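Visitor: For reference, the structure I am asking about is given below.
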Amino acid sequence: MELPPEVRNNLSEGVCLTCCNNSVICMTSDYPKNTDVEVLFEIDKEGREVIFRHIVMDDPSNPLTVEYSVDTKFVENVSQTKSINIYFVDENFNEENKLRITFSDDEIRVMRREIGLGT
């Protein structure tokens, strides 16, 4: 995947950013050992910012947390596809792992409500 300059310029170790309609890019050496696992989904509001959080239960004693800020365009795209791909990349932007997350209708409704879109 070719990353846009705004993602390349703002991505650093431990940071996750939305990209390319319905993808998330995370620069980290900590990625899921197994991608066929339960993933819990949470939404937080911090001021005007909406934060999505995925808790990847690849190791129940030490689950992996992926957290990133979203905007209305991203939520619109995710509402249509009902899924995202999370790409885990190294410091040279090489893909180390990929996790696909599918959202339920209820999760889509909640994310649309939290970002200020109609359901």
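Following the order of the structure tokens, chains are lettered A, B, ..., residues in each are numbered from 1, and ligands are numbered from 1.
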Could you name the residues that touch range 106-116 of chain A at 7 Å or less, counting only C-alpha atoms, but leaving out those on the same chain fewer than 5 positions away, as a PDB file with N, CA, C and O atoms, in the first residue's frame?

Guide:
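Listed below is the output, selection-v6.pdb:
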```pdb
ATOM      1  N   VAL A  50     -13.240  12.566  18.313  1.00  0.00           N
ATOM      2  CA  VAL A  50     -13.805  11.242  18.524  1.00  0.00           C
ATOM      3  C   VAL A  50     -12.685  10.227  18.321  1.00  0.00           C
ATOM      4  O   VAL A  50     -11.982  10.234  17.306  1.00  0.00           O
ATOM      5  N   THR A  72     -15.600  12.768  10.208  1.00  0.00           N
ATOM      6  CA  THR A  72     -16.882  12.357   9.615  1.00  0.00           C
ATOM      7  C   THR A  72     -16.688  11.622   8.298  1.00  0.00           C
ATOM      8  O   THR A  72     -17.411  10.669   8.023  1.00  0.00           O
ATOM      9  N   VAL A  75     -15.840   8.010   9.059  1.00  0.00           N
ATOM     10  CA  VAL A  75     -17.019   7.292   9.572  1.00  0.00           C
ATOM     11  C   VAL A  75     -18.021   7.024   8.444  1.00  0.00           C
ATOM     12  O   VAL A  75     -18.604   5.944   8.375  1.00  0.00           O
ATOM     13  N   SER A  79     -19.114   3.343   7.432  1.00  0.00           N
ATOM     14  CA  SER A  79     -20.539   3.013   7.461  1.00  0.00           C
ATOM     15  C   SER A  79     -20.954   2.235   6.213  1.00  0.00           C
ATOM     16  O   SER A  79     -21.808   1.362   6.280  1.00  0.00           O
TER      17      SER A  79
END
```

Visitor: List every residue of chain A that DSSP, applied to the backbone of this structure, places in helix (DSSP H, G or I), and write the result as a list in words.

Guide: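 Answer for chain A, restricted to helix (DSSP H, G or I): Pro5, Glu6, Val7, Arg8, Asn9, Asn10, Thr72, Lys73, Phe74, Val75, Glu76, Asn77, Val78, Ser79, Gln80, Thr81, Asp105, Asp106, Glu107, Ile108, Arg109, Val110, Met111, Arg112, Arg113, Glu114 and Ile115 of chain A.
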
Visitor: So which residues touch Asp30 in chain A within 12 Å, counting only C-alpha atoms, skipping near sequence neighbours fewer than 4 positions away, as a PDB file with C-alpha atoms, in the first residue's frame?

Guide:
```
ATOM      1  CA  GLU A  13       6.363   4.905  16.676  1.00  0.00           C
ATOM      2  CA  GLY A  14       3.230   4.100  18.666  1.00  0.00           C
ATOM      3  CA  VAL A  15       0.942   6.279  16.506  1.00  0.00           C
ATOM      4  CA  CYS A  26      -0.078   1.971  12.955  1.00  0.00           C
ATOM      5  CA  ASN A  34      -2.856 -13.949  15.752  1.00  0.00           C
ATOM      6  CA  VAL A  56      -7.275  -7.045  20.310  1.00  0.00           C
ATOM      7  CA  ASP A  58      -4.590 -11.983  20.947  1.00  0.00           C
ATOM      8  CA  ASP A  59      -3.130 -12.429  24.431  1.00  0.00           C
ATOM      9  CA  ASN A  62      -1.892  -8.519  27.723  1.00  0.00           C
ATOM     10  CA  PRO A  63      -4.307  -7.410  24.979  1.00  0.00           C
ATOM     11  CA  LEU A  64      -3.140  -5.047  22.261  1.00  0.00           C
ATOM     12  CA  THR A  65      -4.890  -1.657  22.115  1.00  0.00           C
ATOM     13  CA  VAL A  66      -5.185   0.277  18.847  1.00  0.00           C
ATOM     14  CA  TYR A  87      -1.999  -2.142   8.862  1.00  0.00           C
ATOM     15  CA  PHE A  88       0.919  -2.479  11.263  1.00  0.00           C
ATOM     16  CA  VAL A  89       4.082  -1.018   9.735  1.00  0.00           C
ATOM     17  CA  ASP A  90       7.703  -0.677  10.819  1.00  0.00           C
ATOM     18  CA  GLU A  96       4.391  -6.253   9.238  1.00  0.00           C
ATOM     19  CA  ASN A  97       0.812  -7.424   9.804  1.00  0.00           C
TER      20      ASN A  97
END
```

Visitor: Taking the chain letters and numbering used in this document, name the residues of range 26-111 of chain A that DSSP puts in strand (DSSP E), as number ranges by chain.

Guide: A: 26-27, 39-46, 49-56, 64-70, 83-89, 95-102

Visitor: Those same residues, written as a JSON list (two decimals), in the first residue's frame with C-alpha atoms?

Guide:
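Written file, part25.json:
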```json
[["chain", "number", "residue", "atom", "x", "y", "z"],
["A", 26, "CYS", "CA", -0.08, 1.97, 12.96],
["A", 27, "MET", "CA", 3.68, 2.29, 13.28],
["A", 39, "VAL", "CA", -11.64, -7.58, 19.07],
["A", 40, "LEU", "CA", -13.53, -5.31, 21.46],
["A", 41, "PHE", "CA", -14.58, -1.87, 20.19],
["A", 42, "GLU", "CA", -14.88, 1.35, 22.20],
["A", 43, "ILE", "CA", -15.60, 4.97, 21.27],
["A", 44, "ASP", "CA", -14.47, 7.95, 23.36],
["A", 45, "LYS", "CA", -15.01, 11.65, 22.97],
["A", 46, "GLU", "CA", -12.20, 13.92, 24.08],
["A", 49, "GLU", "CA", -12.34, 14.75, 18.98],
["A", 50, "VAL", "CA", -13.81, 11.24, 18.52],
["A", 51, "ILE", "CA", -11.44, 8.38, 19.33],
["A", 52, "PHE", "CA", -11.93, 4.77, 18.19],
["A", 53, "ARG", "CA", -10.27, 2.08, 20.28],
["A", 54, "HIS", "CA", -9.91, -1.62, 19.41],
["A", 55, "ILE", "CA", -8.79, -4.05, 22.08],
["A", 56, "VAL", "CA", -7.28, -7.04, 20.31],
["A", 64, "LEU", "CA", -3.14, -5.05, 22.26],
["A", 65, "THR", "CA", -4.89, -1.66, 22.11],
["A", 66, "VAL", "CA", -5.19, 0.28, 18.85],
["A", 67, "GLU", "CA", -6.40, 3.86, 19.25],
["A", 68, "TYR", "CA", -6.89, 6.62, 16.67],
["A", 69, "SER", "CA", -8.86, 9.79, 15.99],
["A", 70, "VAL", "CA", -11.61, 9.74, 13.33],
["A", 83, "SER", "CA", -15.16, -2.81, 8.05],
["A", 84, "ILE", "CA", -11.65, -1.44, 8.30],
["A", 85, "ASN", "CA", -8.17, -2.79, 7.73],
["A", 86, "ILE", "CA", -5.51, -2.00, 10.30],
["A", 87, "TYR", "CA", -2.00, -2.14, 8.86],
["A", 88, "PHE", "CA", 0.92, -2.48, 11.26],
["A", 89, "VAL", "CA", 4.08, -1.02, 9.73],
["A", 95, "GLU", "CA", 3.79, -3.83, 6.36],
["A", 96, "GLU", "CA", 4.39, -6.25, 9.24],
["A", 97, "ASN", "CA", 0.81, -7.42, 9.80],
["A", 98, "LYS", "CA", -2.77, -6.66, 8.83],
["A", 99, "LEU", "CA", -5.96, -6.99, 10.87],
["A", 100, "ARG", "CA", -9.44, -6.75, 9.33],
["A", 101, "ILE", "CA", -12.25, -5.61, 11.65],
["A", 102, "THR", "CA", -15.92, -5.89, 10.74]]
```

Visitor: So which residues touch Val7 in chain A within 8 Å, counting only C-alpha atoms, skipping near sequence neighbours fewer than 4 positions away, as a PyMOL selection string?

Guide: chain A and resi 3+11+17+19

Visitor: Please dump the current selection as a tab-separated table (two decimals), in the first residue's frame; keep C-alpha atoms.

Guide:
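Output (selection-v3.tsv):
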```tsv
chain	number	residue	atom	x	y	z
A	3	LEU	CA	0.89	5.83	1.91
A	11	LEU	CA	3.28	8.67	11.55
A	17	LEU	CA	-3.68	7.28	11.79
A	19	CYS	CA	-5.82	6.60	5.82
```

Visitor: Let me make sure I understand: among A:Lys73, A:Glu38, A:Asp105, A:Tyr31, which one has the smallest atom-to-atom distance to Leu117 in chain A if we use only C-alpha atoms?

Guide: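 Answer, going by the shortest atom-to-atom distance: A:Lys73.
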
Visitor: Provide the CA of Asn94 in chain A to CA of Ser12 in chain A distance in Å, to one decimal place.

Guide: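 It comes out at 13.1 Å.
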
Visitor: Take CA of Val78 in chain A and CA of Cys16 in chain A and report the distance between them in Å, one decimal.

Guide: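 A separation of 16.5 Å between them.
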
Visitor: If you measure from CA of Phe93 in chain A to CA of Lys33 in chain A, what distance in Å do you get, rounded to one decimal?

Guide: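 Straight-line distance from CA of Phe93 in chain A to CA of Lys33 in chain A works out to 18.9 Å.
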